[in-house]
file model33.csv (CSV, C-alpha atoms and all ligand atoms)
chain,number,residue,atom,x,y,z
A,1,MET,CA,-40.2,-32.5,63.3
A,2,ALA,CA,-40.3,-31.0,59.8
A,3,GLY,CA,-43.2,-28.6,59.6
A,4,ALA,CA,-43.8,-28.8,63.4
A,5,CYS,CA,-40.8,-27.3,65.0
A,6,PRO,CA,-41.2,-23.5,65.5
A,7,PRO,CA,-38.2,-21.9,67.2
A,8,ALA,CA,-40.4,-21.2,70.3
A,9,LEU,CA,-40.7,-25.0,70.8
A,10,SER,CA,-36.9,-25.5,70.8
A,11,ALA,CA,-36.3,-22.5,73.0
A,12,ALA,CA,-38.7,-23.8,75.6
A,13,VAL,CA,-37.2,-27.3,75.5
A,14,ILE,CA,-33.6,-25.9,75.8
A,15,ARG,CA,-34.7,-23.7,78.8
A,16,ALA,CA,-36.0,-26.9,80.5
A,17,GLY,CA,-32.6,-28.5,80.0
A,18,GLY,CA,-33.2,-30.4,76.8
A,19,MET,CA,-31.9,-30.1,73.3
A,20,GLY,CA,-33.8,-28.1,70.7
A,21,ALA,CA,-34.5,-29.6,67.2
A,22,CYS,CA,-35.2,-28.3,63.8
A,23,GLY,CA,-36.6,-30.5,61.0
A,24,ALA,CA,-35.0,-28.6,58.2
A,25,LEU,CA,-36.4,-30.7,55.3
A,26,VAL,CA,-38.8,-27.9,54.2
A,27,LEU,CA,-36.5,-25.0,54.9
A,28,ASP,CA,-34.3,-23.3,52.3
A,29,ALA,CA,-31.0,-21.8,53.2
A,30,GLU,CA,-32.4,-18.5,54.2
A,31,ARG,CA,-35.1,-20.0,56.4
A,32,ILE,CA,-32.5,-22.4,58.1
A,33,ALA,CA,-30.5,-19.3,59.0
A,34,ALA,CA,-33.6,-17.5,60.2
A,35,TRP,CA,-34.7,-20.4,62.3
A,36,MET,CA,-31.4,-20.6,64.1
A,37,ASP,CA,-31.2,-16.8,64.6
A,38,ALA,CA,-34.7,-16.9,66.2
A,39,VAL,CA,-33.7,-19.6,68.7
A,40,ARG,CA,-30.3,-17.9,69.5
A,41,ARG,CA,-32.0,-14.5,70.0
A,42,ASP,CA,-34.1,-16.3,72.7
A,43,ILE,CA,-31.6,-18.6,74.3
A,44,ASP,CA,-28.2,-20.2,73.9
A,45,GLY,CA,-28.1,-23.9,74.2
A,46,PRO,CA,-27.8,-27.3,72.4
A,47,VAL,CA,-29.7,-27.6,69.1
A,48,GLN,CA,-30.0,-30.4,66.6
A,49,MET,CA,-30.7,-29.7,63.0
A,50,ASN,CA,-32.1,-32.5,60.9
A,51,LEU,CA,-31.9,-33.3,57.1
A,52,TRP,CA,-33.3,-36.1,55.0
A,53,ILE,CA,-30.8,-37.9,52.8
A,54,PRO,CA,-32.2,-37.6,49.3
A,55,GLU,CA,-33.0,-40.6,47.1
A,56,PRO,CA,-32.5,-40.7,43.4
A,57,ALA,CA,-35.4,-39.1,41.4
A,58,PRO,CA,-38.4,-41.4,41.4
A,59,GLU,CA,-39.6,-43.3,38.3
A,60,ARG,CA,-42.8,-41.6,37.1
A,61,ASP,CA,-45.8,-43.7,36.0
A,62,GLU,CA,-48.4,-41.4,34.3
A,63,SER,CA,-51.3,-43.8,34.4
A,64,ALA,CA,-50.7,-44.8,38.0
A,65,GLU,CA,-50.6,-41.0,38.9
A,66,ALA,CA,-53.8,-40.5,37.0
A,67,SER,CA,-55.5,-43.2,39.1
A,68,GLN,CA,-54.1,-41.7,42.3
A,69,ARG,CA,-55.4,-38.2,41.3
A,70,ALA,CA,-58.9,-39.7,40.6
A,71,PHE,CA,-58.8,-41.4,44.0
A,72,LEU,CA,-57.8,-38.1,45.7
A,73,ALA,CA,-60.7,-36.3,44.0
A,74,ARG,CA,-62.9,-38.2,46.5
A,75,PHE,CA,-61.3,-36.3,49.4
A,76,GLY,CA,-60.6,-32.9,48.0
A,77,PRO,CA,-60.2,-30.9,44.8
A,78,GLU,CA,-59.0,-33.1,42.0
A,79,PRO,CA,-55.2,-32.5,41.8
A,80,ALA,CA,-53.8,-31.0,38.6
A,81,ALA,CA,-51.4,-33.3,36.7
A,82,GLU,CA,-48.5,-30.9,37.5
A,83,THR,CA,-48.9,-31.4,41.3
A,84,GLY,CA,-46.9,-34.6,40.7
A,85,ASP,CA,-43.9,-32.5,39.5
A,86,PHE,CA,-43.2,-31.5,43.1
A,87,ARG,CA,-39.5,-30.8,43.7
A,88,LEU,CA,-37.5,-31.0,46.9
A,89,LEU,CA,-35.1,-28.3,48.0
A,90,ASP,CA,-31.5,-28.6,47.0
A,91,PHE,CA,-29.7,-30.8,49.6
A,92,ASP,CA,-26.3,-29.3,49.1
A,93,ASP,CA,-27.6,-25.8,49.7
A,94,GLN,CA,-29.3,-27.0,52.9
A,95,VAL,CA,-26.1,-28.7,54.1
A,96,GLU,CA,-24.1,-25.5,53.5
A,97,ALA,CA,-26.8,-23.5,55.4
A,98,LEU,CA,-26.8,-26.1,58.2
A,99,ILE,CA,-23.0,-25.9,58.6
A,100,ALA,CA,-23.2,-22.0,58.6
A,101,ALA,CA,-25.9,-22.2,61.3
A,102,ARG,CA,-23.5,-24.1,63.6
A,103,PRO,CA,-25.9,-26.4,65.4
A,104,THR,CA,-24.5,-28.7,68.1
A,105,VAL,CA,-25.7,-31.7,66.2
A,106,ALA,CA,-26.6,-32.4,62.6
A,107,SER,CA,-28.9,-35.4,62.4
A,108,SER,CA,-29.7,-37.5,59.4
A,109,ILE,CA,-32.7,-39.7,58.5
A,110,MET,CA,-33.4,-42.0,55.5
A,111,GLY,CA,-29.7,-42.8,55.0
A,112,LEU,CA,-26.2,-41.6,55.7
A,113,PHE,CA,-24.5,-38.3,55.1
A,114,PRO,CA,-22.0,-38.8,52.3
A,115,PRO,CA,-18.3,-38.8,53.5
A,116,ARG,CA,-17.7,-35.3,52.1
A,117,VAL,CA,-20.5,-33.9,54.4
A,118,VAL,CA,-19.3,-35.9,57.4
A,119,LYS,CA,-15.9,-34.4,57.0
A,120,ARG,CA,-17.3,-30.9,56.7
A,121,LEU,CA,-19.5,-31.4,59.8
A,122,HIS,CA,-16.7,-32.7,61.9
A,123,GLY,CA,-14.3,-30.0,60.7
A,124,ALA,CA,-16.8,-27.5,61.9
A,125,GLY,CA,-17.2,-29.1,65.3
A,126,ILE,CA,-20.7,-30.4,64.6
A,127,ARG,CA,-21.6,-33.9,65.7
A,128,TRP,CA,-23.5,-36.3,63.5
A,129,TRP,CA,-26.4,-38.3,65.0
A,130,ALA,CA,-27.7,-40.8,62.5
A,131,THR,CA,-31.2,-42.2,62.6
A,132,ALA,CA,-31.3,-46.0,62.4
A,133,THR,CA,-34.4,-48.3,62.4
A,134,THR,CA,-32.4,-51.6,62.3
A,135,VAL,CA,-29.2,-52.9,63.8
A,136,GLY,CA,-27.7,-53.1,60.3
A,137,GLU,CA,-28.4,-49.4,59.7
A,138,ALA,CA,-26.8,-48.6,63.0
A,139,LEU,CA,-23.7,-50.5,62.2
A,140,ALA,CA,-23.4,-48.8,58.8
A,141,ALA,CA,-23.8,-45.4,60.5
A,142,ALA,CA,-21.1,-46.2,63.0
A,143,GLN,CA,-18.8,-47.3,60.2
A,144,ALA,CA,-19.5,-44.1,58.4
A,145,GLY,CA,-18.4,-41.9,61.3
A,146,ALA,CA,-21.6,-41.2,63.2
A,147,ASP,CA,-21.2,-39.8,66.7
A,148,ALA,CA,-24.4,-41.2,68.1
A,149,ILE,CA,-27.3,-43.4,66.8
A,150,VAL,CA,-31.0,-42.3,67.0
A,151,ALA,CA,-32.8,-45.6,67.4
A,152,GLN,CA,-36.2,-45.1,65.8
A,153,GLY,CA,-38.7,-47.8,66.8
A,154,MET,CA,-41.6,-48.6,64.6
A,155,GLU,CA,-43.9,-46.9,67.1
A,156,ALA,CA,-42.6,-43.5,66.1
A,157,GLY,CA,-44.7,-40.8,64.7
A,158,GLY,CA,-43.9,-39.3,61.3
A,159,HIS,CA,-41.7,-40.8,58.6
A,160,ARG,CA,-39.8,-44.0,59.2
A,161,GLY,CA,-36.1,-43.4,58.9
A,162,ALA,CA,-35.4,-46.7,57.0
A,163,PHE,CA,-32.5,-46.2,54.6
A,164,ASP,CA,-34.4,-48.2,51.9
A,165,SER,CA,-38.0,-47.1,51.6
A,166,ALA,CA,-38.8,-50.5,50.0
A,167,THR,CA,-38.1,-52.4,53.2
A,168,ALA,CA,-39.5,-49.9,55.7
A,169,GLU,CA,-42.7,-51.7,56.3
A,170,ARG,CA,-41.1,-55.2,56.3
A,171,ASP,CA,-38.3,-54.4,58.9
A,172,LEU,CA,-40.6,-53.1,61.7
A,173,VAL,CA,-38.6,-53.3,64.9
A,174,GLY,CA,-40.1,-52.1,68.1
A,175,LEU,CA,-38.1,-49.9,70.5
A,176,PHE,CA,-37.9,-52.5,73.2
A,177,ALA,CA,-36.0,-54.8,70.8
A,178,LEU,CA,-34.1,-52.1,68.9
A,179,VAL,CA,-32.5,-50.1,71.7
A,180,PRO,CA,-30.7,-52.9,73.5
A,181,ALA,CA,-29.7,-54.5,70.2
A,182,ILE,CA,-28.1,-51.3,68.9
A,183,ALA,CA,-26.6,-50.5,72.3
A,184,ASP,CA,-24.9,-54.0,72.2
A,185,ALA,CA,-23.8,-53.7,68.6
A,186,VAL,CA,-22.2,-50.2,68.5
A,187,ASP,CA,-19.9,-48.4,70.8
A,188,LEU,CA,-21.8,-45.1,70.5
A,189,PRO,CA,-24.5,-43.4,72.6
A,190,VAL,CA,-28.0,-44.4,71.6
A,191,ILE,CA,-30.9,-42.0,71.6
A,192,ALA,CA,-34.3,-43.7,71.8
A,193,ALA,CA,-37.2,-42.5,69.7
A,194,GLY,CA,-40.7,-43.9,69.4
A,195,ALA,CA,-43.7,-43.6,71.7
A,196,VAL,CA,-41.6,-42.0,74.5
A,197,ALA,CA,-44.2,-39.6,75.9
A,198,ASP,CA,-44.1,-40.0,79.7
A,199,GLY,CA,-41.6,-40.7,82.5
A,200,ARG,CA,-42.3,-44.4,82.4
A,201,ALA,CA,-41.1,-44.6,78.8
A,202,VAL,CA,-38.0,-42.4,79.5
A,203,ALA,CA,-37.0,-44.7,82.4
A,204,ALA,CA,-37.6,-47.8,80.3
A,205,ALA,CA,-35.5,-46.4,77.4
A,206,LEU,CA,-32.6,-45.5,79.7
A,207,THR,CA,-32.8,-48.9,81.4
A,208,LEU,CA,-32.7,-50.6,78.0
A,209,GLY,CA,-29.4,-48.9,77.2
A,210,ALA,CA,-30.3,-45.5,75.8
A,211,SER,CA,-28.3,-42.4,76.9
A,212,ALA,CA,-31.2,-40.0,76.0
A,213,VAL,CA,-34.6,-40.0,74.4
A,214,GLU,CA,-36.1,-38.0,71.5
A,215,VAL,CA,-39.7,-37.0,71.8
A,216,GLY,CA,-41.9,-36.1,68.9
A,217,THR,CA,-45.6,-36.7,69.3
A,218,GLY,CA,-45.3,-35.9,73.0
A,219,PHE,CA,-44.8,-32.3,72.1
A,220,LEU,CA,-47.6,-32.0,69.4
A,221,ARG,CA,-50.1,-30.7,71.9
A,222,ALA,CA,-47.8,-28.1,73.4
A,223,PRO,CA,-49.0,-24.6,72.4
A,224,GLU,CA,-45.4,-23.7,71.1
A,225,THR,CA,-45.7,-26.5,68.5
A,226,ALA,CA,-48.7,-24.7,67.0
A,227,VAL,CA,-50.0,-27.7,65.0
A,228,ALA,CA,-53.6,-27.4,63.7
A,229,ALA,CA,-56.1,-27.7,66.6
A,230,PRO,CA,-58.1,-30.7,65.1
A,231,TRP,CA,-54.8,-32.6,64.7
A,232,ALA,CA,-53.7,-31.8,68.3
A,233,ASP,CA,-57.1,-32.7,69.6
A,234,ALA,CA,-57.4,-36.0,67.7
A,235,ILE,CA,-54.0,-37.1,69.2
A,236,SER,CA,-55.4,-37.1,72.7
A,237,ASN,CA,-58.0,-39.7,71.7
A,238,ALA,CA,-55.8,-42.0,69.6
A,239,SER,CA,-55.1,-45.5,70.8
A,240,PRO,CA,-51.9,-47.1,69.7
A,241,GLU,CA,-53.8,-49.0,67.0
A,242,GLY,CA,-55.5,-45.7,66.1
A,243,THR,CA,-52.3,-44.8,64.2
A,244,MET,CA,-51.1,-46.5,61.0
A,245,ILE,CA,-48.0,-46.7,58.8
A,246,THR,CA,-49.0,-45.3,55.5
A,247,ARG,CA,-47.4,-44.2,52.2
A,248,ALA,CA,-50.6,-42.5,51.1
A,249,LEU,CA,-49.7,-39.0,52.5
A,250,THR,CA,-46.2,-38.6,50.9
A,251,GLY,CA,-45.1,-41.8,49.1
A,252,ARG,CA,-42.7,-42.7,52.0
A,253,PRO,CA,-43.9,-44.9,54.9
A,254,ALA,CA,-44.8,-42.8,57.9
A,255,ARG,CA,-47.0,-43.2,61.0
A,256,ALA,CA,-50.1,-41.1,61.1
A,257,LEU,CA,-53.5,-41.0,62.7
A,258,ALA,CA,-55.7,-43.6,61.0
A,259,THR,CA,-57.9,-41.0,59.5
A,260,ARG,CA,-60.7,-41.6,57.0
A,261,PHE,CA,-58.3,-40.9,54.1
A,262,VAL,CA,-55.4,-43.1,55.5
A,263,ARG,CA,-57.8,-46.0,56.1
A,264,ALA,CA,-59.4,-45.7,52.6
A,265,ALA,CA,-56.0,-45.7,51.0
A,266,ALA,CA,-55.2,-49.0,52.7
A,267,GLU,CA,-58.4,-50.7,51.5
A,268,PRO,CA,-58.0,-53.5,49.0
A,269,GLY,CA,-58.4,-52.0,45.5
A,270,ALA,CA,-57.2,-48.5,46.5
A,271,PRO,CA,-54.6,-47.3,43.9
A,272,PRO,CA,-51.0,-47.6,45.1
A,273,PRO,CA,-49.5,-44.2,46.2
A,274,ALA,CA,-46.9,-42.6,43.8
A,275,PRO,CA,-43.3,-42.6,45.1
A,276,TYR,CA,-41.9,-39.8,47.3
A,277,PRO,CA,-42.0,-36.9,46.7
A,278,VAL,CA,-44.6,-37.3,43.8
A,279,GLN,CA,-47.3,-38.4,46.2
A,280,ARG,CA,-46.5,-35.5,48.5
A,281,GLY,CA,-47.2,-33.1,45.6
A,282,ILE,CA,-50.4,-34.9,44.5
A,283,THR,CA,-51.9,-34.9,48.0
A,284,ALA,CA,-51.2,-31.2,48.6
A,285,PRO,CA,-54.6,-29.9,47.4
A,286,MET,CA,-56.4,-32.3,49.7
A,287,LYS,CA,-54.2,-31.3,52.6
A,288,THR,CA,-54.7,-27.6,51.9
A,289,ALA,CA,-58.5,-28.0,51.8
A,290,ALA,CA,-58.4,-30.0,55.0
A,291,GLY,CA,-56.5,-27.3,56.8
A,292,ARG,CA,-58.9,-24.6,55.5
A,293,GLU,CA,-61.9,-26.7,56.6
A,294,ARG,CA,-60.3,-27.9,59.8
A,295,ASP,CA,-60.9,-31.5,58.9
A,296,VAL,CA,-58.4,-33.9,60.5
A,297,GLU,CA,-59.7,-36.8,58.5
A,298,ARG,CA,-57.9,-35.5,55.4
A,299,MET,CA,-54.9,-33.8,57.1
A,300,GLN,CA,-51.4,-35.0,57.2
A,301,ALA,CA,-51.7,-35.8,60.9
A,302,TRP,CA,-48.5,-37.6,62.0
A,303,ALA,CA,-48.7,-39.4,65.3
A,304,GLY,CA,-46.8,-42.1,67.1
A,305,GLN,CA,-48.3,-45.0,69.0
A,306,GLY,CA,-47.9,-43.2,72.3
A,307,ALA,CA,-50.2,-40.4,71.1
A,308,SER,CA,-52.7,-40.5,73.8
A,309,ARG,CA,-50.0,-39.8,76.4
A,310,ALA,CA,-49.2,-36.4,74.8
A,311,VAL,CA,-50.4,-33.7,77.2
A,312,ALA,CA,-51.6,-30.2,76.4
A,313,ALA,CA,-49.1,-28.2,78.4
A,314,PRO,CA,-46.3,-25.8,77.7
A,315,ALA,CA,-43.3,-27.6,76.2
A,316,GLY,CA,-41.0,-26.7,79.0
A,317,GLU,CA,-43.4,-28.2,81.5
A,318,ILE,CA,-43.6,-31.4,79.4
A,319,ALA,CA,-39.8,-31.7,79.2
A,320,THR,CA,-39.4,-31.1,82.9
A,321,ARG,CA,-42.1,-33.6,83.9
A,322,LEU,CA,-40.7,-36.3,81.6
A,323,TRP,CA,-37.3,-36.1,83.3
A,324,GLN,CA,-38.6,-35.7,86.9
A,325,ASP,CA,-40.9,-38.7,86.5
A,326,ALA,CA,-38.2,-40.8,84.9
A,327,GLU,CA,-35.7,-39.8,87.6
A,328,ALA,CA,-38.2,-40.7,90.4
A,329,ARG,CA,-38.8,-44.1,88.9
A,330,LEU,CA,-35.1,-44.8,88.3
A,331,SER,CA,-34.1,-43.8,91.8
A,332,SER,CA,-36.9,-45.4,93.7
A,333,PRO,CA,-35.7,-48.5,95.7
B,401,LIG,C1,-44.8,-34.2,63.0
B,401,LIG,C2,-43.6,-35.0,63.0
B,401,LIG,C3,-42.6,-34.6,62.1
B,401,LIG,C4,-41.4,-35.4,62.0
B,401,LIG,N1,-40.4,-35.0,61.1
B,401,LIG,C5,-39.2,-35.6,61.2
B,401,LIG,C6,-38.1,-35.1,60.4
B,401,LIG,O1,-38.2,-34.1,59.6
B,401,LIG,N2,-36.9,-35.7,60.5
B,401,LIG,C7,-36.7,-36.8,61.3
B,401,LIG,O2,-35.6,-37.3,61.5
B,401,LIG,N3,-37.7,-37.3,62.1
B,401,LIG,C8,-38.9,-36.7,62.0
B,401,LIG,N4,-40.0,-37.2,62.8
B,401,LIG,C9,-39.7,-38.4,63.6
B,401,LIG,C10,-39.1,-38.0,64.9
B,401,LIG,O3,-37.7,-37.6,64.7
B,401,LIG,C11,-39.1,-39.1,65.9
B,401,LIG,O4,-38.5,-40.3,65.4
B,401,LIG,C12,-40.5,-39.5,66.4
B,401,LIG,O5,-41.3,-38.4,66.6
B,401,LIG,C13,-40.4,-40.3,67.7
B,401,LIG,O6,-41.6,-40.9,67.9
B,401,LIG,P1,-42.8,-40.2,68.7
B,401,LIG,O7,-43.4,-39.3,67.7
B,401,LIG,O8,-43.7,-41.4,69.1
B,401,LIG,O9,-42.2,-39.5,69.9
B,401,LIG,C14,-41.2,-36.5,62.8
B,401,LIG,C15,-42.2,-36.8,63.8
B,401,LIG,C16,-43.4,-36.1,63.8
B,401,LIG,C17,-44.4,-36.6,64.8

call {"tool": "encode", "arguments": {"input": "model33.csv", "output": "structure tokens"}}
result
Amino acid sequence: MAGACPPALSAAVIRAGGMGACGALVLDAERIAAWMDAVRRDIDGPVQMNLWIPEPAPERDESAEASQRAFLARFGPEPAAETGDFRLLDFDDQVEALIAARPTVASSIMGLFPPRVVKRLHGAGIRWWATATTVGEALAAAQAGADAIVAQGMEAGGHRGAFDSATAERDLVGLFALVPAIADAVDLPVIAAGAVADGRAVAAALTLGASAVEVGTGFLRAPETAVAAPWADAISNASPEGTMITRALTGRPARALATRFVRAAAEPGAPPPAPYPVQRGITAPMKTAAGRERDVERMQAWAGQGASRAVAAPAGEIATRLWQDAEARLSSP
């Protein structure tokens, strides 16, 4: 979970028998190394490091950006025109740092690692787990040499991993349909992601053909995750329909709490968001103000449809309970 994955969260999950995870999107090479050092100083165990596959630079539309900035001025300080110039970190530098950090697994989202990267990863003994939101994406990942598929259902919190952002809202496949379909289509382990936040869901995912689960929102209330308190609190009250897929926070479709801002951006007549990562830059002043004022209604508050099942407990306890509950359900006659 980029921006919500302190080393302490991974260390606690590893200690409980799970795999740690680092969303490295927002980390430069130095911080990738520092993240891994911090985990390894604490505990040795399996770790996944995740990168987003970059898209070509977006087409800019000055007048559309101006409308978007005027809209955002209703929710925070009016963003300066330069906020739209936001640049992502260099992908190749991040790949080099990831390989040097030697995680157990490198995972991808929003596309596939290019063949040269797959070769380097495998040469370094690092496995590749590719996120897929459709059967077609899973087949493409298998063909490209992935070692496992992370099946991300449309329930999932955070960004949708669809390879093509343009079809991410059209191809909304739920986890109950996605996991068995991918398990049947590819001869690789499947890791289920999306609204898995209690033992019932873990047992269901394993029954459907998954070999493991990936939990995001279910850890957002753990103290180790250290997300802003208003966000963590709002999660506990969110019904499944209290989350929405929106482009308004970054320009890429992602599931977030249906806050005042997210709902307003979905109203007819609201200006369309700029593409990723332009929208991410333009919304930054609002998000900064929201953090300062502790106002969840304008925060980037990612959450999956299983949000209300996230519990406020230490991450190790959450992981242990998920597995014990699932095991009890799977072994009961
Ligand atoms: C706060 C947050 C940040 C996330 N960041 C990433 C990311 O950087 N890379 C990624 O592959 N998935 C990311 N995800 C998606 C998760 O990998 C996973 O698919 C999702 O959390 C599963 O659904 P759940 O949140 O309902 O458990 C993020 C999810 C959340 C909640």

call {"tool": "atom_distance", "arguments": {"input": "model33.csv", "atom1": "atom CA of Asp233 of chain A", "atom2": "atom CA of Val196 of chain A"}}
result
18.7 Å

call {"tool": "residues_around", "arguments": {"input": "model33.csv", "residues": "Pro77 of chain A", "least_positions_apart": "6", "cutoff": "10 Å", "atoms": "only C-alpha atoms", "output": "VMD selection string"}}
result
chain A and resid 69 to 70 283 to 289

call {"tool": "closest_atom_pairs", "arguments": {"input": "model33.csv", "of": "chain A", "to": "ligand LIG 401 (chain B)", "cutoff": "8 Å", "atoms": "all atoms listed in the file", "output": "CSV"}}
result
residue,atom,partner,partner_atom,distance
A:Met1,CA,B:LIG401,N1,3.3
A:Ala2,CA,B:LIG401,O1,3.7
A:Gly3,CA,B:LIG401,C3,6.5
A:Ala4,CA,B:LIG401,C1,5.5
A:Cys22,CA,B:LIG401,O1,7.8
A:Gly23,CA,B:LIG401,O1,4.2
A:Ala24,CA,B:LIG401,O1,6.5
A:Leu25,CA,B:LIG401,O1,5.8
A:Asn50,CA,B:LIG401,N2,5.8
A:Leu51,CA,B:LIG401,N2,6.5
A:Trp52,CA,B:LIG401,N2,6.6
A:Ser107,CA,B:LIG401,O2,7.0
A:Ser108,CA,B:LIG401,O2,6.3
A:Ile109,CA,B:LIG401,O2,4.8
A:Met110,CA,B:LIG401,O2,7.9
A:Thr131,CA,B:LIG401,O2,6.7
A:Val150,CA,B:LIG401,O4,7.9
A:Gln152,CA,B:LIG401,O4,5.3
A:Gly153,CA,B:LIG401,O6,7.6
A:Glu155,CA,B:LIG401,O8,5.9
A:Ala156,CA,B:LIG401,O6,3.3
A:Gly157,CA,B:LIG401,O7,3.6
A:Gly158,CA,B:LIG401,C15,3.9
A:His159,CA,B:LIG401,N4,5.8
A:Arg160,CA,B:LIG401,C9,7.1
A:Gly161,CA,B:LIG401,O2,6.6
A:Ala193,CA,B:LIG401,C13,4.4
A:Gly194,CA,B:LIG401,O6,3.5
A:Ala195,CA,B:LIG401,O8,3.4
A:Val196,CA,B:LIG401,O9,5.3
A:Ala197,CA,B:LIG401,O9,6.3
A:Glu214,CA,B:LIG401,C13,6.2
A:Val215,CA,B:LIG401,O9,4.0
A:Gly216,CA,B:LIG401,O5,3.3
A:Thr217,CA,B:LIG401,O7,3.8
A:Gly218,CA,B:LIG401,O9,5.7
A:Phe219,CA,B:LIG401,O9,8.0
A:Leu220,CA,B:LIG401,C17,7.2
A:Ala301,CA,B:LIG401,C1,7.4
A:Trp302,CA,B:LIG401,C17,5.1
A:Ala303,CA,B:LIG401,C17,5.2
A:Gly304,CA,B:LIG401,O8,3.8
A:Gln305,CA,B:LIG401,O8,5.8
A:Gly306,CA,B:LIG401,O8,5.6
A:Ala307,CA,B:LIG401,O8,6.9

call {"tool": "closest_residue", "arguments": {"input": "model33.csv", "among": "A:Arg263, A:Arg321, A:Arg255, A:Arg87", "to": "Gly18 of chain A", "atoms": "all atoms listed in the file"}}
result
A:Arg321

call {"tool": "atom_distance", "arguments": {"input": "model33.csv", "atom1": "atom CA of Gln68 of chain A", "atom2": "atom CA of Ser165 of chain A"}}
result
19.4 Å

call {"tool": "closest_residue", "arguments": {"input": "model33.csv", "among": "A:Asp164, A:Phe75, A:Pro56, A:Gln94", "to": "Val262 of chain A", "atoms": "only C-alpha atoms"}}
result
A:Phe75

call {"tool": "closest_residue", "arguments": {"input": "model33.csv", "among": "A:Val173, A:Asp187, A:Arg31, A:Cys5", "to": "Ala226 of chain A", "atoms": "only C-alpha atoms"}}
result
A:Cys5

call {"tool": "closest_residue", "arguments": {"input": "model33.csv", "among": "A:Gly251, A:Ala81, A:Ala12, A:Ala101", "to": "Ala166 of chain A", "atoms": "only C-alpha atoms"}}
result
A:Gly251

call {"tool": "decode", "arguments": {"input": "model33.csv", "residues": "segment 12-23 of chain A", "atoms": "N, CA and C atoms", "output": "PDB file, in the first residue's frame"}}
result
ATOM      1  N   ALA A  12       5.531  -6.677  11.588  1.00  0.00           N
ATOM      2  CA  ALA A  12       4.504  -7.323  12.423  1.00  0.00           C
ATOM      3  C   ALA A  12       3.819  -8.457  11.660  1.00  0.00           C
ATOM      4  N   VAL A  13       3.558  -8.229  10.371  1.00  0.00           N
ATOM      5  CA  VAL A  13       2.877  -9.259   9.573  1.00  0.00           C
ATOM      6  C   VAL A  13       3.815 -10.459   9.363  1.00  0.00           C
ATOM      7  N   ILE A  14       5.097 -10.184   9.126  1.00  0.00           N
ATOM      8  CA  ILE A  14       6.065 -11.282   8.950  1.00  0.00           C
ATOM      9  C   ILE A  14       6.149 -12.103  10.245  1.00  0.00           C
ATOM     10  N   ARG A  15       6.212 -11.379  11.348  1.00  0.00           N
ATOM     11  CA  ARG A  15       6.320 -12.073  12.646  1.00  0.00           C
ATOM     12  C   ARG A  15       5.117 -12.999  12.874  1.00  0.00           C
ATOM     13  N   ALA A  16       3.965 -12.618  12.334  1.00  0.00           N
ATOM     14  CA  ALA A  16       2.749 -13.433  12.500  1.00  0.00           C
ATOM     15  C   ALA A  16       2.673 -14.558  11.467  1.00  0.00           C
ATOM     16  N   GLY A  17       3.674 -14.639  10.575  1.00  0.00           N
ATOM     17  CA  GLY A  17       3.696 -15.731   9.605  1.00  0.00           C
ATOM     18  C   GLY A  17       3.292 -15.319   8.197  1.00  0.00           C
ATOM     19  N   GLY A  18       3.063 -14.041   7.974  1.00  0.00           N
ATOM     20  CA  GLY A  18       2.664 -13.573   6.643  1.00  0.00           C
ATOM     21  C   GLY A  18       3.832 -13.004   5.864  1.00  0.00           C
ATOM     22  N   MET A  19       3.509 -12.349   4.759  1.00  0.00           N
ATOM     23  CA  MET A  19       4.529 -11.709   3.926  1.00  0.00           C
ATOM     24  C   MET A  19       4.398 -10.192   4.065  1.00  0.00           C
ATOM     25  N   GLY A  20       5.498  -9.532   4.297  1.00  0.00           N
ATOM     26  CA  GLY A  20       5.481  -8.071   4.364  1.00  0.00           C
ATOM     27  C   GLY A  20       5.322  -7.490   2.968  1.00  0.00           C
ATOM     28  N   ALA A  21       4.975  -6.204   2.882  1.00  0.00           N
ATOM     29  CA  ALA A  21       4.785  -5.600   1.561  1.00  0.00           C
ATOM     30  C   ALA A  21       5.103  -4.118   1.599  1.00  0.00           C
ATOM     31  N   CYS A  22       5.782  -3.687   0.534  1.00  0.00           N
ATOM     32  CA  CYS A  22       6.138  -2.272   0.399  1.00  0.00           C
ATOM     33  C   CYS A  22       5.588  -1.744  -0.920  1.00  0.00           C
ATOM     34  N   GLY A  23       4.739  -0.749  -0.846  1.00  0.00           N
ATOM     35  CA  GLY A  23       4.281  -0.054  -2.052  1.00  0.00           C
ATOM     36  C   GLY A  23       5.319   1.011  -2.363  1.00  0.00           C
TER      37      GLY A  23
END
